[in-house]
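This report refers to the structure that appears directly beneath it.
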Amino acid sequence: MVNPQDDTHRLSRLFMAYRLRWKRRRLLLRAWRKRRQITALCDRSDQIAPDAILCFSTMRNEMLRLPYFLDHHRRLGVGHFLIVDNGSDDGTVEYLRDQPDVSLWQSGASYRLSRFGVDWLTWLQMRHGHGHWCLTLDADELFIYPFHETRPLAALTDWLDDRQIGSMGALMLDMYPKGALAEAEYRPGQDPTEVLQWFDSGNYMIQRQPRLENLWIQGGPRARAFFAKEPRRAPTMGKVPLVKWNRRFAYVSSTHSILPRRLNHVYDEAGGEKLCGVLLHTKFLPIITAKSAEEKQRGEHFANSELYETYYDGLIENPELWCSGSRRYRGWRHLEALGLMSRGLWL
Amino acid sequence: MSVGIIMLVHTALGRAEQVARHWAASDCPIVIHVDRSVPSKTYSAFVEALSDVPKLRFCKRHRCEWGTWGLVAASQSASRVMLQEFSEVRHVYLASGSCLPLRPVQELLDYLAARPQTDFIESATTSDVPWTIGGLDEERFTLRFPFSWRKHRYLFDKYVQFQRKIGFRRRIPNGLVPHMGSQWWCLTRQTLSAILEDPERERYDRYFKRVWIPDESYFQTLARQYSRQIESRSLTLSKFDYQGKPHIFYDDHLQLLRRSDCFVARKIWPHANKLYEAFLTDAAGAMKRSEPNPGKIDRIFAKAVERRTRGRPGLYMQSRFPVETRENGLTSAPYSVFHGFAELFENFEPWLARMTGTRVHGHLFAPERIEFSDGQMVMNGALSDSPHLRDYNPRAFLANLIWNTRGERQCFQFGPRDNQKINWHISKDPNAQISVISGSWAVPLFKSNMNFADIRREAARLQQIESKHLEILRSSWTKARVRIWTMAEFIESPMEPLQTIIDEIGPAQTTRGLAEVPQMADLTGFGQFLQNLKNQGMHPYLMGNFPVVQDPQHTQSNPRKPYLVR
């Protein structure tokens, strides 16, 4: 029996798929138009091996985090880093230029108008990412997945390839210290989770976005401390950072969602759990208060920055995010037991 | 007498070479089949690399795509070479390039030498086994499958549908009974040569070429024709997930594989250096001689499949977000909702906590504040007491609360003043135990110091909300355990229902009855209060019938006497 409701549903899905196809083309065109906003400072992309796993990132003044960021992802097995620098003046450019596995581009244009760097990265992904597994990260994100201590990324991507899975999701997990944010001490190269030991384990709220069919996850310490009055504005915590790239793909907003939308289906709707990872978010290192003051003034991090002034003010006041319900980070198995990560069928 | 090894190799030729040398070191004859899709340059380099191994042959190459005849053809060609070239071979062991011997080869040789007539081949009839992919079991043998399942799924499905529609059925030659099983077998020379030299072989081959996944049925079926003694199990540890893909072993499986006592395992990730190092050295001889025991691995794998297909009930996360009705439990554990109890009894919450040993919250869905137990500002999992966050996604709030407190039963109060958006979710949740005293919202109004006009308005509002809630609780969609009393009913004999609810909650000292009784609010004049509401045109009915005049005896004798136990 044909259910007429099913038919309309299928039609509206088809129509949406058609509209999104054009949206994706617009995004690709937009990235292509902005290709001259970035200039290569040091292009080692000819060294990329055919099966290398690539890491893409846009950053600005990240000298504090960079050494460990590169270290961590090298250890996992990233073969090459493709980084766009957005006007750093703290030595980031010089440092990256000296790394043998980094290709560096620079842009002086607006971070906000380039969709927070996504346009630039889309262009680089179009040129260098095709056919590779690509990890798109911010400098304050450390990617982990089940068994990451014993199995390199290639084991993960081989497994995904074998099952013809093209993308993997991750929860962004805000890490914070016990005590006021600015009072912690961190030196470059140190494992940030030694300083930022705590996280929120069970206050995430999830909705399914009907258009892009991705999950909109909110919650964590920022929602709890800064957006308790306006939860709708709380930051989005779900991402799709790992994708087997095709030059026709495009991220829509940061790495929260991607087109074509089948890549957003990183979750199971029939009750099962799929394999997924976590991005340890090291935003709350002690420099956060100074950085927030700067970001608030630059207004480059949100499309409508004035709405987030109280958020910045809250951070500048050097708050404590720790509470009695916080959990201490004890590795991925603990995260999995808490339900923040899952190995799915990969064991 | 010795054991001949057939290796089917597709990728990771370096690893295959390593394993071949390992077999060769124990003087096993080897025949290698290399997939034809391997480039000829790579192939000749591989042949060259192994040219120093004396008892090693390569056989005719076939194209081996998953689920196609090529794999059977490859096994046939390799078997023929093996039987012709190495006359001392008694057992032939079929392995792949990604197989890894877990026990010293000598142990396998001894094991097989002790069982000279036994064929080890998993072989079961279609009706006996649940492992079928794509919903095809018997039809594997009665339909035709000219299209690749992997590459042309659409055509594959359509052609199957078409054949079903026109009622097409292939005839199975010579009354063979189709059997299926793992494609990794170990057969005796007698059985294997009988299969290969069968005068009817051409007919069988023609038939099996169009069977779906013939590598899991060709030898499995024909071995039944000739074998003197079949052990229906595979000596190779090879696990498949529910999608029919082999599980892959990594470095961190070392201990697990050691304990399995199996002779050979597949499939090993080619870059699992530790595994190859550990098992391809003679040091592994430390393992005791025992029957293969894959039981522990079986359990672990079954658990993984369960997690992948059913997941952890009540968990919502970035990789598990079930659509409605597929949740497998809306929440992760049982909990209790008390509707109207805290209004009727003065010390209900501490009393309940003492009686049941559970965590008792106040009104979790109160509009002003989330009343966590003991006035906590934040609960397990850093769940905040902000009503805005809760009201933004009440369902997530409840699921989080129950998930975060796994192992400790949660109880909370509810009433018509609270956020009603959660009602459907709770009533559809089989984990919820909902007890309702309807109409007891009137007690706080009765005790309040408000103007009567305001009381009347508030009473009308609460009554309307509560009757809507009761409608939900009485609907046919409700899966929660629901008990509803009117207030009049309840105060007539409050101990009985209380006892029932508490018995259901938990193991605490309930056999002897309740040791202690909650203090009921003083209801002197409540009947008159309701009558006053009626007189003002508002008709309170949810609490049942209260006489206007209180029983004088009752009020005189002991105005605050609690109800006694038994």
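Within each chain, counting starts at residue 1; across the structure tokens, chains are named A, B, ... in the order shown, with ligands numbered 1 upward in that order.
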Determine, using only C-alpha atoms, which residues of chain A have any atom at most 6 Å from an atom of chain B, and tabulate each with its shortest atom pair and distance in Å to one decimal place, rows ordered by chain and then rising number, as a tab-separated table.
residue	atom	partner	partner_atom	distance
A:Asp200	CA	B:Ala382	CA	5.5
A:Ser201	CA	B:Gly381	CA	4.7
A:Gly202	CA	B:Gly381	CA	4.1
A:Asn203	CA	B:Leu383	CA	5.1
A:Met205	CA	B:Ala396	CA	5.5
A:Ala228	CA	B:Leu389	CA	5.7
A:Lys229	CA	B:His388	CA	5.7
A:Pro231	CA	B:Leu389	CA	5.7
A:Val266	CA	B:Ser319	CA	6.0
A:Tyr267	CA	B:Ser319	CA	3.8
A:Asp268	CA	B:Arg320	CA	5.0
A:Glu269	CA	B:Pro322	CA	4.0
A:Ala270	CA	B:Pro322	CA	5.2
A:Gly271	CA	B:Pro322	CA	4.8
A:Gly272	CA	B:Thr309	CA	4.2
A:Glu273	CA	B:Arg308	CA	4.8
A:Lys274	CA	B:Ser319	CA	5.1
A:Gly325	CA	B:Ala382	CA	4.1
A:Ser326	CA	B:Ala382	CA	5.5
A:Gly344	CA	B:Arg308	CA	4.9
A:Leu345	CA	B:Arg308	CA	5.5
Would you output that residue set with C-alpha atoms, as a PDB file, in the first residue's frame?
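Now in result_7.pdb:
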ATOM      1  CA  ASP A 200      30.603  18.338  31.992  1.00  0.00           C
ATOM      2  CA  SER A 201      29.460  14.790  31.413  1.00  0.00           C
ATOM      3  CA  GLY A 202      25.707  14.809  31.253  1.00  0.00           C
ATOM      4  CA  ASN A 203      23.988  18.065  30.312  1.00  0.00           C
ATOM      5  CA  MET A 205      20.709  18.717  24.626  1.00  0.00           C
ATOM      6  CA  ALA A 228      21.369  29.622  31.312  1.00  0.00           C
ATOM      7  CA  LYS A 229      18.939  32.432  30.432  1.00  0.00           C
ATOM      8  CA  PRO A 231      19.845  28.449  25.890  1.00  0.00           C
ATOM      9  CA  VAL A 266      26.920  10.153  11.659  1.00  0.00           C
ATOM     10  CA  TYR A 267      24.288   9.006  14.135  1.00  0.00           C
ATOM     11  CA  ASP A 268      22.019   5.975  14.255  1.00  0.00           C
ATOM     12  CA  GLU A 269      18.285   6.569  14.255  1.00  0.00           C
ATOM     13  CA  ALA A 270      17.198   3.024  14.968  1.00  0.00           C
ATOM     14  CA  GLY A 271      18.537   2.904  18.524  1.00  0.00           C
ATOM     15  CA  GLY A 272      22.070   1.681  17.857  1.00  0.00           C
ATOM     16  CA  GLU A 273      25.326   3.506  18.471  1.00  0.00           C
ATOM     17  CA  LYS A 274      27.722   4.384  15.684  1.00  0.00           C
ATOM     18  CA  GLY A 325      28.953  17.864  39.193  1.00  0.00           C
ATOM     19  CA  SER A 326      32.120  18.142  37.071  1.00  0.00           C
ATOM     20  CA  GLY A 344      30.084   1.290  17.742  1.00  0.00           C
ATOM     21  CA  LEU A 345      31.048  -1.905  15.979  1.00  0.00           C
TER      22      LEU A 345
END
request  = Mind the document's chain letters and residue numbers, and return as a PyMOL selection string the residues of range 160-304 of chain A that DSSP labels strand (DSSP E).
outcome  = chain A and resi 167-174+198-199+205-208+215-218+238-244+250-253+257-259+277-281
message = Neighbouring residues of Asn318 in chain A were defined as those with any atom within 7 Å, considering only C-alpha atoms; residues of the same chain fewer than 3 positions away were excluded. Please report them as a list of chain:residue names.
response = A:Ala180, A:Leu181, A:Ala182, A:Thr289, A:Leu315
Output the selection as an mmCIF file, in the first residue's frame - N, CA and C atoms for each residue.
data_model
loop_
_atom_site.group_PDB
_atom_site.id
_atom_site.type_symbol
_atom_site.label_atom_id
_atom_site.label_comp_id
_atom_site.auth_asym_id
_atom_site.auth_seq_id
_atom_site.Cartn_x
_atom_site.Cartn_y
_atom_site.Cartn_z
ATOM 1 N N ALA A 180 39.518 29.504 39.224
ATOM 2 C CA ALA A 180 39.326 30.543 38.213
ATOM 3 C C ALA A 180 40.178 30.232 36.991
ATOM 4 N N LEU A 181 39.629 30.563 35.809
ATOM 5 C CA LEU A 181 40.266 30.163 34.556
ATOM 6 C C LEU A 181 41.695 30.681 34.420
ATOM 7 N N ALA A 182 41.888 31.953 34.748
ATOM 8 C CA ALA A 182 43.191 32.568 34.479
ATOM 9 C C ALA A 182 44.250 32.144 35.489
ATOM 10 N N THR A 289 40.982 34.766 29.207
ATOM 11 C CA THR A 289 40.432 36.074 29.583
ATOM 12 C C THR A 289 40.985 37.164 28.669
ATOM 13 N N LEU A 315 33.426 35.876 30.415
ATOM 14 C CA LEU A 315 34.735 35.234 30.343
ATOM 15 C C LEU A 315 35.841 36.162 30.815
#
message = List the spatial neighbours of Gly331 in chain A as a ChimeraX atom specification - criterion: any atom at most 12 Å away, only C-alpha atoms, same-chain residues fewer than 2 positions off excluded.
response = /A:144-149,193-194,197-199,278,280,327-329,333-338,340-341
What does the file look like for those residues with N, CA and C atoms, as a compact mmCIF listing (two decimals), in the first residue's frame?
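out08.txt, written as the output of this step:
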# COMPACT_ATOMS: atom_id res chain seq x y z
N ILE A 144 40.15 12.91 19.54
CA ILE A 144 40.39 11.55 20.05
C ILE A 144 39.24 10.65 19.63
N TYR A 145 39.49 9.36 19.61
CA TYR A 145 38.49 8.38 19.20
C TYR A 145 38.77 7.09 19.99
N PRO A 146 37.85 6.14 19.99
CA PRO A 146 38.09 4.92 20.74
C PRO A 146 39.40 4.25 20.30
N PHE A 147 40.16 3.79 21.24
CA PHE A 147 41.44 3.10 21.01
C PHE A 147 42.52 4.01 20.42
N HIS A 148 42.38 5.33 20.59
CA HIS A 148 43.34 6.21 19.92
C HIS A 148 44.76 6.04 20.44
N GLU A 149 44.89 5.45 21.64
CA GLU A 149 46.24 5.26 22.18
C GLU A 149 46.94 4.08 21.51
N THR A 193 45.32 18.60 28.86
CA THR A 193 44.41 17.96 29.81
C THR A 193 45.04 17.80 31.19
N GLU A 194 46.34 18.12 31.31
CA GLU A 194 46.93 18.14 32.65
C GLU A 194 46.47 19.37 33.42
N GLN A 197 41.50 19.68 33.51
CA GLN A 197 41.21 18.28 33.81
C GLN A 197 39.74 17.94 33.85
N TRP A 198 38.86 18.95 33.79
CA TRP A 198 37.46 18.69 34.12
C TRP A 198 36.55 18.94 32.93
N PHE A 199 35.40 18.29 32.97
CA PHE A 199 34.41 18.51 31.91
C PHE A 199 33.01 18.21 32.44
N VAL A 278 35.60 12.32 20.04
CA VAL A 278 35.43 13.52 20.87
C VAL A 278 36.51 14.52 20.48
N LEU A 280 38.52 17.25 22.27
CA LEU A 280 38.81 17.88 23.54
C LEU A 280 39.07 19.36 23.24
N ARG A 327 33.25 16.26 36.07
CA ARG A 327 33.98 14.99 36.10
C ARG A 327 35.42 15.24 35.67
N ARG A 328 36.34 14.44 36.22
CA ARG A 328 37.74 14.58 35.86
C ARG A 328 38.06 13.67 34.67
N TYR A 329 38.85 14.18 33.75
CA TYR A 329 39.17 13.42 32.54
C TYR A 329 40.11 12.27 32.84
N ARG A 333 38.22 5.62 27.58
CA ARG A 333 37.33 4.58 28.06
C ARG A 333 36.32 5.14 29.05
N HIS A 334 36.78 6.09 29.84
CA HIS A 334 35.89 6.75 30.78
C HIS A 334 34.82 7.53 30.03
N LEU A 335 35.25 8.26 29.00
CA LEU A 335 34.28 9.02 28.20
C LEU A 335 33.25 8.08 27.58
N GLU A 336 33.73 6.91 27.15
CA GLU A 336 32.79 5.98 26.53
C GLU A 336 31.80 5.46 27.56
N ALA A 337 32.30 5.16 28.75
CA ALA A 337 31.40 4.66 29.79
C ALA A 337 30.35 5.70 30.15
N LEU A 338 30.74 6.98 30.08
CA LEU A 338 29.80 8.04 30.42
C LEU A 338 28.81 8.32 29.29
N LEU A 340 29.70 9.58 26.25
CA LEU A 340 30.09 10.75 25.45
C LEU A 340 30.77 10.32 24.16
N MET A 341 30.99 9.04 24.02
CA MET A 341 31.72 8.52 22.88
C MET A 341 31.28 7.08 22.72
key: Selection near Ile213 in chain B, 10 Å with only C-alpha atoms, sequence-local residues under 3 positions removed, as a PyMOL selection string   = chain B and resi 66-69+71-72+140-141+145+149+180+183+208-210+216-218
Go ahead and write the residues just picked, N, CA and C atoms, as a tab-separated table (two decimals), in the first residue's frame.
chain	number	residue	atom	x	y	z
B	66	TRP	N	34.23	-10.01	-3.80
B	66	TRP	CA	33.47	-10.57	-2.68
B	66	TRP	C	32.15	-11.17	-3.18
B	67	GLY	N	31.86	-12.37	-2.71
B	67	GLY	CA	30.57	-12.98	-3.01
B	67	GLY	C	30.45	-13.54	-4.41
B	68	THR	N	31.56	-13.67	-5.13
B	68	THR	CA	31.47	-14.18	-6.50
B	68	THR	C	32.17	-15.53	-6.63
B	69	TRP	N	32.02	-16.12	-7.79
B	69	TRP	CA	32.57	-17.44	-8.08
B	69	TRP	C	34.10	-17.45	-8.03
B	71	LEU	N	36.32	-16.64	-6.02
B	71	LEU	CA	36.95	-17.18	-4.83
B	71	LEU	C	36.94	-18.70	-4.83
B	72	VAL	N	35.86	-19.28	-5.33
B	72	VAL	CA	35.80	-20.74	-5.40
B	72	VAL	C	36.78	-21.24	-6.45
B	140	ARG	N	19.21	-17.93	-1.89
B	140	ARG	CA	20.57	-17.94	-2.42
B	140	ARG	C	20.75	-19.05	-3.45
B	141	PHE	N	20.03	-20.16	-3.22
B	141	PHE	CA	20.24	-21.35	-4.03
B	141	PHE	C	19.18	-21.53	-5.11
B	145	PHE	N	21.90	-14.77	-9.69
B	145	PHE	CA	22.49	-13.51	-9.22
B	145	PHE	C	23.58	-13.03	-10.17
B	149	TRP	N	26.42	-7.50	-5.80
B	149	TRP	CA	25.70	-6.88	-4.68
B	149	TRP	C	26.39	-5.60	-4.24
B	180	MET	N	25.70	-24.17	4.22
B	180	MET	CA	26.50	-22.94	4.25
B	180	MET	C	27.42	-22.95	5.45
B	183	GLN	N	33.94	-19.72	5.00
B	183	GLN	CA	34.65	-20.12	3.80
B	183	GLN	C	36.04	-20.68	4.11
B	208	PHE	N	26.68	-23.60	-9.22
B	208	PHE	CA	27.15	-22.72	-8.14
B	208	PHE	C	27.66	-21.37	-8.63
B	209	LYS	N	27.99	-21.30	-9.91
B	209	LYS	CA	28.44	-20.01	-10.44
B	209	LYS	C	27.35	-18.95	-10.31
B	210	ARG	N	26.10	-19.36	-10.28
B	210	ARG	CA	25.01	-18.39	-10.20
B	210	ARG	C	24.35	-18.37	-8.82
B	216	GLU	N	30.78	-19.53	0.29
B	216	GLU	CA	30.29	-19.98	1.59
B	216	GLU	C	29.41	-21.22	1.45
B	217	SER	N	29.27	-21.74	0.23
B	217	SER	CA	28.38	-22.89	0.09
B	217	SER	C	28.92	-24.01	-0.79
B	218	TYR	N	29.86	-23.72	-1.69
B	218	TYR	CA	30.30	-24.74	-2.64
B	218	TYR	C	30.95	-25.93	-1.93
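For the atom pair formed by CA of Ile370 in chain B and CA of Ala488 in chain B, the distance is 29.5 Å, given to one decimal.
Across range 168-224 of chain A, DSSP run on the backbone finds alpha helix (DSSP H) at Gly220, Pro221, Arg222, Ala223 and Arg224 of chain A.
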Suppose we keep N, CA and C atoms; can you now write the selection as a tab-separated table (two decimals), in the first residue's frame?
chain	number	residue	atom	x	y	z
A	220	GLY	N	27.01	21.66	27.98
A	220	GLY	CA	28.37	21.83	28.48
A	220	GLY	C	28.48	23.04	29.38
A	221	PRO	N	29.70	23.33	29.84
A	221	PRO	CA	29.87	24.38	30.84
A	221	PRO	C	29.49	25.77	30.35
A	222	ARG	N	29.66	26.03	29.05
A	222	ARG	CA	29.31	27.37	28.57
A	222	ARG	C	27.81	27.60	28.61
A	223	ALA	N	27.05	26.58	28.20
A	223	ALA	CA	25.59	26.71	28.28
A	223	ALA	C	25.18	26.90	29.74
A	224	ARG	N	25.82	26.14	30.61
A	224	ARG	CA	25.46	26.18	32.03
A	224	ARG	C	25.82	27.52	32.66
key: All residues 12 Å or closer to Arg262 in chain A, only C-alpha atoms, same chain fewer than 6 positions away omitted, as a PyMOL selection string   = chain A and resi 17+20-21+165-168+211-214+240+243+249
Based on the selection just made, write C-alpha atoms of those residues as a PDB file, in the first residue's frame.
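Here's the written file result_27.pdb:
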ATOM      1  CA  ALA A  17      17.987  17.823  -1.727  1.00  0.00           C
ATOM      2  CA  LEU A  20      20.836  21.971  -0.996  1.00  0.00           C
ATOM      3  CA  ARG A  21      22.666  20.915  -4.126  1.00  0.00           C
ATOM      4  CA  ILE A 165      31.391   5.071   5.701  1.00  0.00           C
ATOM      5  CA  GLY A 166      32.404   8.525   4.512  1.00  0.00           C
ATOM      6  CA  SER A 167      32.379  10.620   7.684  1.00  0.00           C
ATOM      7  CA  MET A 168      32.605  10.397  11.451  1.00  0.00           C
ATOM      8  CA  ARG A 211      17.084  20.657   6.666  1.00  0.00           C
ATOM      9  CA  LEU A 212      20.656  19.407   6.832  1.00  0.00           C
ATOM     10  CA  GLU A 213      19.694  16.357   8.891  1.00  0.00           C
ATOM     11  CA  ASN A 214      22.583  16.889  11.277  1.00  0.00           C
ATOM     12  CA  VAL A 240      31.754  16.213  11.741  1.00  0.00           C
ATOM     13  CA  VAL A 243      35.544  13.166   6.211  1.00  0.00           C
ATOM     14  CA  PHE A 249      32.067  18.648  -0.659  1.00  0.00           C
TER      15      PHE A 249
END
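Here CA of Thr188 in chain B stands at a distance of 23.4 Å from CA of Pro294 in chain B.
Residues surrounding Cys99 in chain B within 6 Å are Ser96, Gly97, Ala265, Arg266 and Lys267 of chain B [only C-alpha atoms; sequence separation below 2 positions excluded].
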Just C-alpha atoms for this one: save the residues we selected as a tab-separated table (two decimals), in the first residue's frame.
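The result, written out as again05.tsv:
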chain	number	residue	atom	x	y	z
B	96	SER	CA	43.88	-15.90	3.35
B	97	GLY	CA	46.71	-13.41	3.17
B	265	ALA	CA	42.79	-15.87	13.13
B	266	ARG	CA	41.58	-13.47	10.50
B	267	LYS	CA	41.41	-10.73	9.67
May I have a table of the residues of range 31-60 of chain A lying at most 12 Å from range 67-73 of chain A, giving each one's closest pair of atoms and their distance in Å to one decimal, counting only C-alpha atoms, ordered by chain and ascending residue number, as a tab-separated table?
residue	atom	partner	partner_atom	distance
A:Ile53	CA	A:His73	CA	10.2
A:Leu54	CA	A:His73	CA	10.0
A:Cys55	CA	A:His73	CA	8.4
A:Phe56	CA	A:His73	CA	11.4
A:Ser57	CA	A:Phe69	CA	11.0
A:Met59	CA	A:Phe69	CA	11.8
Could you dump the residues just selected with C-alpha atoms as a compact mmCIF listing (two decimals), in the first residue's frame?
# COMPACT_ATOMS: atom_id res chain seq x y z
CA ILE A 53 45.53 11.72 6.23
CA LEU A 54 45.36 15.51 6.09
CA CYS A 55 44.58 18.07 8.75
CA PHE A 56 43.09 21.46 7.76
CA SER A 57 42.94 24.42 10.09
CA MET A 59 44.28 29.91 13.11
